[in-house]
>>> print(open('target.cif').read())   # mmCIF, C-alpha atoms and all ligand atoms
data_work
#
loop_
_atom_site.group_PDB
_atom_site.id
_atom_site.type_symbol
_atom_site.label_atom_id
_atom_site.label_comp_id
_atom_site.auth_asym_id
_atom_site.auth_seq_id
_atom_site.Cartn_x
_atom_site.Cartn_y
_atom_site.Cartn_z
ATOM 1 C CA MET X 1 31.867 -10.325 7.112
ATOM 2 C CA GLU X 2 31.747 -6.775 5.731
ATOM 3 C CA THR X 3 30.574 -4.028 8.109
ATOM 4 C CA ILE X 4 26.816 -3.550 8.195
ATOM 5 C CA GLY X 5 24.903 -0.271 7.962
ATOM 6 C CA ILE X 6 21.620 -0.302 9.884
ATOM 7 C CA PHE X 7 19.221 2.468 8.808
ATOM 8 C CA TYR X 8 15.946 2.936 10.638
ATOM 9 C CA GLY X 9 12.999 5.307 10.832
ATOM 10 C CA SER X 10 11.260 5.470 14.193
ATOM 11 C CA THR X 11 8.500 7.749 15.473
ATOM 12 C CA TYR X 12 8.241 6.768 19.155
ATOM 13 C CA GLY X 13 11.571 4.964 19.468
ATOM 14 C CA MET X 14 10.387 1.361 19.211
ATOM 15 C CA THR X 15 12.114 0.627 15.893
ATOM 16 C CA GLU X 16 15.174 2.448 17.178
ATOM 17 C CA ARG X 17 15.314 0.154 20.202
ATOM 18 C CA SER X 18 15.090 -2.926 17.971
ATOM 19 C CA ALA X 19 17.775 -1.518 15.669
ATOM 20 C CA ARG X 20 20.079 -1.173 18.675
ATOM 21 C CA GLN X 21 19.383 -4.755 19.714
ATOM 22 C CA ILE X 22 20.180 -5.950 16.196
ATOM 23 C CA GLN X 23 23.413 -3.955 16.277
ATOM 24 C CA GLU X 24 24.370 -5.482 19.642
ATOM 25 C CA ASN X 25 23.764 -8.987 18.275
ATOM 26 C CA PHE X 26 26.224 -8.361 15.454
ATOM 27 C CA GLY X 27 28.619 -6.628 17.855
ATOM 28 C CA LYS X 28 29.001 -2.844 17.794
ATOM 29 C CA GLU X 29 32.302 -3.100 15.909
ATOM 30 C CA ASN X 30 30.540 -4.923 13.041
ATOM 31 C CA ALA X 31 27.447 -2.767 12.566
ATOM 32 C CA GLN X 32 26.889 1.000 12.376
ATOM 33 C CA LEU X 33 23.554 2.536 13.307
ATOM 34 C CA PHE X 34 21.885 5.428 11.428
ATOM 35 C CA ASN X 35 18.648 7.202 12.254
ATOM 36 C CA LEU X 36 17.270 8.016 8.797
ATOM 37 C CA LYS X 37 16.458 11.549 9.811
ATOM 38 C CA ASP X 38 20.191 12.275 10.154
ATOM 39 C CA ALA X 39 21.470 9.993 7.359
ATOM 40 C CA THR X 40 22.186 10.519 3.664
ATOM 41 C CA ILE X 41 22.155 8.292 0.603
ATOM 42 C CA ASP X 42 25.965 8.582 0.574
ATOM 43 C CA ASP X 43 25.983 6.936 4.018
ATOM 44 C CA MET X 44 24.083 3.971 2.545
ATOM 45 C CA LYS X 45 26.348 3.726 -0.497
ATOM 46 C CA LYS X 46 29.341 2.938 1.757
ATOM 47 C CA PHE X 47 27.988 -0.452 2.907
ATOM 48 C CA LYS X 48 27.813 -3.765 1.076
ATOM 49 C CA ASN X 49 25.515 -5.137 3.775
ATOM 50 C CA LEU X 50 22.506 -3.006 4.635
ATOM 51 C CA ILE X 51 19.637 -3.386 7.074
ATOM 52 C CA PHE X 52 16.563 -1.166 6.721
ATOM 53 C CA GLY X 53 13.977 -0.938 9.512
ATOM 54 C CA THR X 54 10.562 0.736 9.598
ATOM 55 C CA SER X 55 7.392 0.784 11.650
ATOM 56 C CA ALA X 56 3.899 0.756 10.082
ATOM 57 C CA TRP X 57 1.533 3.722 9.843
ATOM 58 C CA GLY X 58 -1.837 4.313 8.251
ATOM 59 C CA ILE X 59 -2.789 2.365 5.170
ATOM 60 C CA GLY X 60 0.343 0.677 3.879
ATOM 61 C CA GLU X 61 2.506 3.536 5.020
ATOM 62 C CA MET X 62 6.101 3.326 6.121
ATOM 63 C CA GLN X 63 7.441 5.437 8.938
ATOM 64 C CA ASP X 64 7.634 9.125 7.838
ATOM 65 C CA GLU X 65 11.386 9.261 7.269
ATOM 66 C CA TRP X 66 11.198 6.266 4.918
ATOM 67 C CA GLU X 67 8.330 7.899 3.022
ATOM 68 C CA MET X 68 10.657 10.846 2.407
ATOM 69 C CA ALA X 69 13.803 8.821 1.633
ATOM 70 C CA ILE X 70 12.439 5.988 -0.488
ATOM 71 C CA ASP X 71 12.638 7.674 -3.911
ATOM 72 C CA SER X 72 16.319 8.515 -3.471
ATOM 73 C CA LEU X 73 17.201 4.815 -3.128
ATOM 74 C CA SER X 74 17.174 4.734 -6.939
ATOM 75 C CA ASN X 75 20.491 6.651 -6.753
ATOM 76 C CA ILE X 76 22.179 3.633 -5.166
ATOM 77 C CA ASN X 77 23.694 0.872 -7.261
ATOM 78 C CA PHE X 78 22.603 -2.261 -5.392
ATOM 79 C CA GLU X 79 24.707 -4.604 -7.496
ATOM 80 C CA GLY X 80 26.986 -6.547 -5.146
ATOM 81 C CA LYS X 81 25.031 -5.469 -2.070
ATOM 82 C CA LYS X 82 22.780 -7.413 0.269
ATOM 83 C CA VAL X 83 19.786 -5.784 1.932
ATOM 84 C CA ALA X 84 17.810 -7.176 4.879
ATOM 85 C CA LEU X 85 14.604 -5.591 6.166
ATOM 86 C CA PHE X 86 12.849 -5.541 9.510
ATOM 87 C CA GLY X 87 9.520 -4.087 10.511
ATOM 88 C CA LEU X 88 7.563 -3.294 13.647
ATOM 89 C CA GLY X 89 3.814 -3.349 14.014
ATOM 90 C CA ASP X 90 0.862 -4.202 16.201
ATOM 91 C CA GLN X 91 -1.015 -7.361 15.174
ATOM 92 C CA LYS X 92 -3.793 -6.893 17.723
ATOM 93 C CA GLU X 93 -4.743 -3.303 16.822
ATOM 94 C CA TYR X 94 -3.986 -3.610 13.099
ATOM 95 C CA PRO X 95 -4.580 -7.231 12.082
ATOM 96 C CA GLU X 96 -5.681 -6.215 8.552
ATOM 97 C CA SER X 97 -2.529 -4.201 7.871
ATOM 98 C CA PHE X 98 0.027 -5.872 10.095
ATOM 99 C CA VAL X 99 3.568 -4.542 9.453
ATOM 100 C CA ASP X 100 2.420 -3.070 6.152
ATOM 101 C CA GLY X 101 5.245 -0.533 6.362
ATOM 102 C CA LEU X 102 7.698 -3.402 5.932
ATOM 103 C CA GLY X 103 5.751 -4.720 2.941
ATOM 104 C CA THR X 104 5.715 -1.284 1.316
ATOM 105 C CA LEU X 105 9.441 -0.837 1.927
ATOM 106 C CA TYR X 106 10.091 -4.116 0.123
ATOM 107 C CA CYS X 107 7.722 -3.225 -2.750
ATOM 108 C CA ARG X 108 9.410 0.099 -3.295
ATOM 109 C CA LEU X 109 13.011 -1.118 -3.228
ATOM 110 C CA PRO X 110 14.496 -0.406 -6.663
ATOM 111 C CA ASP X 111 16.258 -3.812 -6.684
ATOM 112 C CA LYS X 112 14.684 -6.758 -4.871
ATOM 113 C CA SER X 113 17.218 -9.322 -6.041
ATOM 114 C CA CYS X 114 19.599 -8.260 -3.257
ATOM 115 C CA VAL X 115 17.082 -8.901 -0.461
ATOM 116 C CA VAL X 116 17.955 -11.515 2.160
ATOM 117 C CA GLY X 117 16.617 -12.238 5.639
ATOM 118 C CA PHE X 118 13.164 -13.581 4.797
ATOM 119 C CA TRP X 119 11.321 -14.729 7.894
ATOM 120 C CA PRO X 120 8.622 -17.340 8.701
ATOM 121 C CA VAL X 121 5.052 -16.154 9.327
ATOM 122 C CA ASP X 122 4.502 -18.788 12.050
ATOM 123 C CA GLY X 123 3.792 -17.486 15.523
ATOM 124 C CA TYR X 124 1.989 -14.309 14.471
ATOM 125 C CA ASP X 125 -1.778 -13.769 14.380
ATOM 126 C CA TYR X 126 -3.124 -11.429 11.663
ATOM 127 C CA TYR X 127 -5.596 -11.409 8.751
ATOM 128 C CA PHE X 128 -3.554 -9.588 6.161
ATOM 129 C CA SER X 129 -0.083 -8.189 5.760
ATOM 130 C CA LEU X 130 1.603 -6.556 2.777
ATOM 131 C CA ALA X 131 4.828 -7.976 4.220
ATOM 132 C CA ASP X 132 3.616 -11.561 3.723
ATOM 133 C CA LYS X 133 4.812 -12.663 0.284
ATOM 134 C CA ASP X 134 4.012 -16.249 -0.664
ATOM 135 C CA GLY X 135 3.805 -17.359 2.961
ATOM 136 C CA LYS X 136 7.011 -15.679 4.146
ATOM 137 C CA PHE X 137 7.628 -12.255 5.598
ATOM 138 C CA VAL X 138 9.986 -10.142 3.519
ATOM 139 C CA GLY X 139 12.044 -9.476 6.645
ATOM 140 C CA LEU X 140 12.115 -9.846 10.407
ATOM 141 C CA VAL X 141 8.796 -8.954 12.023
ATOM 142 C CA LEU X 142 8.660 -7.636 15.591
ATOM 143 C CA ASP X 143 5.603 -6.744 17.630
ATOM 144 C CA ASP X 144 6.706 -5.242 20.925
ATOM 145 C CA HIS X 145 3.115 -4.321 21.809
ATOM 146 C CA ASN X 146 1.880 -7.917 22.014
ATOM 147 C CA GLN X 147 4.867 -10.249 21.735
ATOM 148 C CA GLU X 148 7.764 -8.424 23.332
ATOM 149 C CA GLU X 149 8.779 -11.623 25.109
ATOM 150 C CA PHE X 150 9.695 -13.186 21.724
ATOM 151 C CA SER X 151 11.659 -10.285 20.291
ATOM 152 C CA LYS X 152 15.029 -11.058 21.867
ATOM 153 C CA GLN X 153 15.055 -14.605 20.487
ATOM 154 C CA ARG X 154 13.690 -13.534 17.101
ATOM 155 C CA ILE X 155 16.442 -10.939 16.750
ATOM 156 C CA SER X 156 19.104 -13.400 17.801
ATOM 157 C CA ASP X 157 17.888 -16.049 15.304
ATOM 158 C CA TRP X 158 17.594 -13.527 12.483
ATOM 159 C CA VAL X 159 21.095 -12.171 13.076
ATOM 160 C CA LYS X 160 22.464 -15.737 12.960
ATOM 161 C CA GLN X 161 20.642 -16.209 9.646
ATOM 162 C CA LEU X 162 22.058 -12.938 8.271
ATOM 163 C CA LYS X 163 25.593 -13.907 9.231
ATOM 164 C CA GLU X 164 25.168 -16.720 6.680
ATOM 165 C CA GLU X 165 23.376 -14.629 4.067
ATOM 166 C CA PHE X 166 25.375 -11.408 4.166
ATOM 167 C CA ILE X 167 28.572 -10.843 2.219
HETATM 168 C C1 LIG X 201 -1.854 5.922 14.041
HETATM 169 C C2 LIG X 201 -1.134 4.613 14.053
HETATM 170 C C3 LIG X 201 -1.257 3.767 12.948
HETATM 171 C C4 LIG X 201 -0.614 2.506 12.947
HETATM 172 N N1 LIG X 201 -0.792 1.664 11.886
HETATM 173 C C5 LIG X 201 -0.288 0.415 11.942
HETATM 174 C C6 LIG X 201 -0.557 -0.525 10.913
HETATM 175 O O1 LIG X 201 -1.266 -0.256 9.922
HETATM 176 N N2 LIG X 201 -0.036 -1.777 11.019
HETATM 177 C C7 LIG X 201 0.716 -2.151 12.100
HETATM 178 O O2 LIG X 201 1.155 -3.316 12.152
HETATM 179 N N3 LIG X 201 1.006 -1.269 13.091
HETATM 180 C C8 LIG X 201 0.532 -0.008 13.032
HETATM 181 N N4 LIG X 201 0.809 0.885 14.053
HETATM 182 C C9 LIG X 201 1.683 0.462 15.150
HETATM 183 C C10 LIG X 201 3.131 0.999 15.016
HETATM 184 O O3 LIG X 201 3.726 0.563 13.806
HETATM 185 C C11 LIG X 201 3.927 0.459 16.226
HETATM 186 O O4 LIG X 201 3.457 1.124 17.372
HETATM 187 C C12 LIG X 201 5.431 0.610 16.115
HETATM 188 O O5 LIG X 201 6.004 -0.176 17.130
HETATM 189 C C13 LIG X 201 5.897 2.049 16.269
HETATM 190 O O6 LIG X 201 7.297 2.076 16.122
HETATM 191 P P1 LIG X 201 8.150 3.434 16.140
HETATM 192 O O7 LIG X 201 7.982 4.074 17.491
HETATM 193 O O8 LIG X 201 9.552 2.996 15.932
HETATM 194 O O9 LIG X 201 7.682 4.301 15.017
HETATM 195 C C14 LIG X 201 0.191 2.128 14.062
HETATM 196 C C15 LIG X 201 0.302 2.988 15.165
HETATM 197 C C16 LIG X 201 -0.354 4.207 15.164
HETATM 198 C C17 LIG X 201 -0.225 5.093 16.393
#
>>> encode(input="target.cif", output="structure tokens")
Amino acid sequence: METIGIFYGSTYGMTERSARQIQENFGKENAQLFNLKDATIDDMKKFKNLIFGTSAWGIGEMQDEWEMAIDSLSNINFEGKKVALFGLGDQKEYPESFVDGLGTLYCRLPDKSCVVGFWPVDGYDYYFSLADKDGKFVGLVLDDHNQEEFSKQRISDWVKQLKEEFI
């Protein structure tokens, strides 16, 4: 499998922690980690396999660094690449906008045909989520506020899935 670039935006470090766990599941030699605030579009261009992670803020908002970076994704040629997404949120406090940052990230990707890593909605409790498309999440969903005990297994299962779906 080609090396993976994991790019995340994280305000209080929760998405960063999940990104590290995802990296560890692939093995550090197989996946490189980038905090978006220190990364460039040229860093993203280098990878055939990409993982983008964001938390959720406000109404449909991605984490701040993604809000700033999203428009420049149009400078990347996604042909021949695979992109997987993951999102963090809080289904108890924000059940009407659960992991909306993830949904917005998906919506605003310039090329959705390269997206892999869709994830079942079973096991979560929410009223509405922009990340729920036709009964599937557009990427891995983690809620370390209310379901931290499931995160390790969810990450492990998702990484196994990506090992099949990545290039
Ligand atoms: C002001 C505020 C707004 C939030 N809005 C949402 C939201 O709409 N949907 C959601 O699922 N989580 C929401 N969250 C929860 C964060 O996404 C969650 O705490 C996340 O784990 C933070 O990750 P980070 O530290 O990596 O940024 C919100 C949190 C705060 C403090």
>>> resolve_selection(input="target.cif", expression="the PyMOL selection byres (((not hetatm)) within 9 of (chain X and resi 201))", output="PyMOL selection string")
chain X and resi 8-18+53-64+87-101+129+142-145
>>> write_last_selection(input="target.cif", atoms="C-alpha atoms", output="PDB file, in the coordinates of the input")
ATOM      1  CA  TYR X   8      15.946   2.936  10.638  1.00  0.00           C
ATOM      2  CA  GLY X   9      12.999   5.307  10.832  1.00  0.00           C
ATOM      3  CA  SER X  10      11.260   5.470  14.193  1.00  0.00           C
ATOM      4  CA  THR X  11       8.500   7.749  15.473  1.00  0.00           C
ATOM      5  CA  TYR X  12       8.241   6.768  19.155  1.00  0.00           C
ATOM      6  CA  GLY X  13      11.571   4.964  19.468  1.00  0.00           C
ATOM      7  CA  MET X  14      10.387   1.361  19.211  1.00  0.00           C
ATOM      8  CA  THR X  15      12.114   0.627  15.893  1.00  0.00           C
ATOM      9  CA  GLU X  16      15.174   2.448  17.178  1.00  0.00           C
ATOM     10  CA  ARG X  17      15.314   0.154  20.202  1.00  0.00           C
ATOM     11  CA  SER X  18      15.090  -2.926  17.971  1.00  0.00           C
ATOM     12  CA  GLY X  53      13.977  -0.938   9.512  1.00  0.00           C
ATOM     13  CA  THR X  54      10.562   0.736   9.598  1.00  0.00           C
ATOM     14  CA  SER X  55       7.392   0.784  11.650  1.00  0.00           C
ATOM     15  CA  ALA X  56       3.899   0.756  10.082  1.00  0.00           C
ATOM     16  CA  TRP X  57       1.533   3.722   9.843  1.00  0.00           C
ATOM     17  CA  GLY X  58      -1.837   4.313   8.251  1.00  0.00           C
ATOM     18  CA  ILE X  59      -2.789   2.365   5.170  1.00  0.00           C
ATOM     19  CA  GLY X  60       0.343   0.677   3.879  1.00  0.00           C
ATOM     20  CA  GLU X  61       2.506   3.536   5.020  1.00  0.00           C
ATOM     21  CA  MET X  62       6.101   3.326   6.121  1.00  0.00           C
ATOM     22  CA  GLN X  63       7.441   5.437   8.938  1.00  0.00           C
ATOM     23  CA  ASP X  64       7.634   9.125   7.838  1.00  0.00           C
ATOM     24  CA  GLY X  87       9.520  -4.087  10.511  1.00  0.00           C
ATOM     25  CA  LEU X  88       7.563  -3.294  13.647  1.00  0.00           C
ATOM     26  CA  GLY X  89       3.814  -3.349  14.014  1.00  0.00           C
ATOM     27  CA  ASP X  90       0.862  -4.202  16.201  1.00  0.00           C
ATOM     28  CA  GLN X  91      -1.015  -7.361  15.174  1.00  0.00           C
ATOM     29  CA  LYS X  92      -3.793  -6.893  17.723  1.00  0.00           C
ATOM     30  CA  GLU X  93      -4.743  -3.303  16.822  1.00  0.00           C
ATOM     31  CA  TYR X  94      -3.986  -3.610  13.099  1.00  0.00           C
ATOM     32  CA  PRO X  95      -4.580  -7.231  12.082  1.00  0.00           C
ATOM     33  CA  GLU X  96      -5.681  -6.215   8.552  1.00  0.00           C
ATOM     34  CA  SER X  97      -2.529  -4.201   7.871  1.00  0.00           C
ATOM     35  CA  PHE X  98       0.027  -5.872  10.095  1.00  0.00           C
ATOM     36  CA  VAL X  99       3.568  -4.542   9.453  1.00  0.00           C
ATOM     37  CA  ASP X 100       2.420  -3.070   6.152  1.00  0.00           C
ATOM     38  CA  GLY X 101       5.245  -0.533   6.362  1.00  0.00           C
ATOM     39  CA  SER X 129      -0.083  -8.189   5.760  1.00  0.00           C
ATOM     40  CA  LEU X 142       8.660  -7.636  15.591  1.00  0.00           C
ATOM     41  CA  ASP X 143       5.603  -6.744  17.630  1.00  0.00           C
ATOM     42  CA  ASP X 144       6.706  -5.242  20.925  1.00  0.00           C
ATOM     43  CA  HIS X 145       3.115  -4.321  21.809  1.00  0.00           C
TER      44      HIS X 145
END
>>> atom_distance(input="target.cif", atom1="CA of Gly139 in chain X", atom2="CA of Ile155 in chain X")
11.1 Å
>>> resolve_selection(input="target.cif", expression="the PyMOL selection byres (((chain X and resi 24-26) around 12) and not hetatm)", output="PyMOL selection string")
chain X and resi 1-6+17-23+27-33+51+152-163+166
>>> atom_distance(input="target.cif", atom1="CA of Phe47 in chain X", atom2="CA of Ile167 in chain X")
10.4 Å
>>> resolve_selection(input="target.cif", expression="the PyMOL selection byres (((chain X and resi 37) around 10) and not hetatm)", output="PDB file with C-alpha atoms, keeping the file's coordinate frame")
ATOM      1  CA  PHE X   7      19.221   2.468   8.808  1.00  0.00           C
ATOM      2  CA  TYR X   8      15.946   2.936  10.638  1.00  0.00           C
ATOM      3  CA  GLY X   9      12.999   5.307  10.832  1.00  0.00           C
ATOM      4  CA  SER X  10      11.260   5.470  14.193  1.00  0.00           C
ATOM      5  CA  PHE X  34      21.885   5.428  11.428  1.00  0.00           C
ATOM      6  CA  ASN X  35      18.648   7.202  12.254  1.00  0.00           C
ATOM      7  CA  LEU X  36      17.270   8.016   8.797  1.00  0.00           C
ATOM      8  CA  ASP X  38      20.191  12.275  10.154  1.00  0.00           C
ATOM      9  CA  ALA X  39      21.470   9.993   7.359  1.00  0.00           C
ATOM     10  CA  THR X  40      22.186  10.519   3.664  1.00  0.00           C
ATOM     11  CA  ASP X  64       7.634   9.125   7.838  1.00  0.00           C
ATOM     12  CA  GLU X  65      11.386   9.261   7.269  1.00  0.00           C
ATOM     13  CA  TRP X  66      11.198   6.266   4.918  1.00  0.00           C
ATOM     14  CA  MET X  68      10.657  10.846   2.407  1.00  0.00           C
ATOM     15  CA  ALA X  69      13.803   8.821   1.633  1.00  0.00           C
TER      16      ALA X  69
END
>>> decode(input="target.cif", residues="range 68-152 of chain X", atoms="C-alpha atoms", output="short mmCIF file (atom, residue, chain, number, x, y, z; two decimals), in the first residue's frame")
data_model
loop_
_atom_site.label_atom_id
_atom_site.label_comp_id
_atom_site.auth_asym_id
_atom_site.auth_seq_id
_atom_site.Cartn_x
_atom_site.Cartn_y
_atom_site.Cartn_z
CA MET X 68 -9.32 28.26 5.91
CA ALA X 69 -7.83 25.44 3.80
CA ILE X 70 -10.87 24.06 2.01
CA ASP X 71 -10.86 26.39 -1.03
CA SER X 72 -7.24 25.55 -1.86
CA LEU X 73 -8.13 21.86 -2.31
CA SER X 74 -9.23 22.82 -5.83
CA ASN X 75 -5.49 23.14 -6.64
CA ILE X 76 -5.04 19.40 -6.15
CA ASN X 77 -5.62 16.94 -8.96
CA PHE X 78 -7.48 14.12 -7.21
CA GLU X 79 -7.37 11.79 -10.20
CA GLY X 80 -5.71 8.55 -9.09
CA LYS X 81 -6.02 9.44 -5.41
CA LYS X 82 -8.17 8.00 -2.66
CA VAL X 83 -9.48 10.17 0.17
CA ALA X 84 -10.99 8.94 3.44
CA LEU X 85 -12.60 11.25 5.99
CA PHE X 86 -13.14 11.09 9.73
CA GLY X 87 -15.00 13.42 12.04
CA LEU X 88 -15.42 14.04 15.74
CA GLY X 89 -18.50 15.38 17.44
CA ASP X 90 -20.79 15.22 20.44
CA GLN X 91 -24.12 13.46 19.80
CA LYS X 92 -25.54 14.29 23.23
CA GLU X 93 -24.92 18.06 23.17
CA TYR X 94 -25.44 18.49 19.42
CA PRO X 95 -27.90 15.82 18.27
CA GLU X 96 -29.33 18.10 15.53
CA SER X 97 -25.92 18.80 13.99
CA PHE X 98 -23.94 15.72 14.91
CA VAL X 99 -20.51 15.66 13.18
CA ASP X 100 -21.70 18.30 10.73
CA GLY X 101 -18.08 19.35 10.19
CA LEU X 102 -17.47 15.97 8.56
CA GLY X 103 -20.54 16.39 6.35
CA THR X 104 -19.42 19.86 5.27
CA LEU X 105 -15.90 18.61 4.53
CA TYR X 106 -17.37 15.96 2.23
CA CYS X 107 -19.74 18.46 0.55
CA ARG X 108 -16.92 20.85 -0.17
CA LEU X 109 -14.44 18.34 -1.57
CA PRO X 110 -13.80 19.30 -5.20
CA ASP X 111 -13.90 15.62 -6.27
CA LYS X 112 -16.10 13.17 -4.37
CA SER X 113 -15.47 10.23 -6.68
CA CYS X 114 -12.21 9.47 -4.85
CA VAL X 115 -13.86 9.15 -1.43
CA VAL X 116 -13.63 5.80 0.37
CA GLY X 117 -14.14 4.76 3.98
CA PHE X 118 -17.90 5.18 4.31
CA TRP X 119 -19.14 4.07 7.70
CA PRO X 120 -22.40 2.63 9.13
CA VAL X 121 -24.69 4.92 11.15
CA ASP X 122 -25.63 2.09 13.55
CA GLY X 123 -24.67 2.58 17.17
CA TYR X 124 -25.00 6.36 17.23
CA ASP X 125 -27.95 8.36 18.59
CA TYR X 126 -28.74 11.67 16.85
CA TYR X 127 -31.61 13.46 15.07
CA PHE X 128 -29.75 14.94 12.14
CA SER X 129 -26.29 14.90 10.67
CA LEU X 130 -24.93 16.47 7.50
CA ALA X 131 -22.48 13.56 7.48
CA ASP X 132 -25.30 11.02 7.04
CA LYS X 133 -25.74 10.51 3.30
CA ASP X 134 -28.34 7.93 2.29
CA GLY X 135 -28.04 6.07 5.58
CA LYS X 136 -24.23 5.95 5.71
CA PHE X 137 -21.73 8.32 7.23
CA VAL X 138 -19.33 9.80 4.69
CA GLY X 139 -16.43 8.73 6.91
CA LEU X 140 -15.51 7.36 10.31
CA VAL X 141 -17.45 9.03 13.12
CA LEU X 142 -15.98 9.28 16.62
CA ASP X 143 -17.58 10.72 19.73
CA ASP X 144 -15.05 10.72 22.55
CA HIS X 145 -17.41 12.71 24.78
CA ASN X 146 -20.06 9.99 25.00
CA GLN X 147 -18.71 6.83 23.37
CA GLU X 148 -14.98 6.85 24.00
CA GLU X 149 -15.13 3.17 24.90
CA PHE X 150 -16.01 2.34 21.25
CA SER X 151 -13.40 4.50 19.55
CA LYS X 152 -10.49 2.06 19.69
#
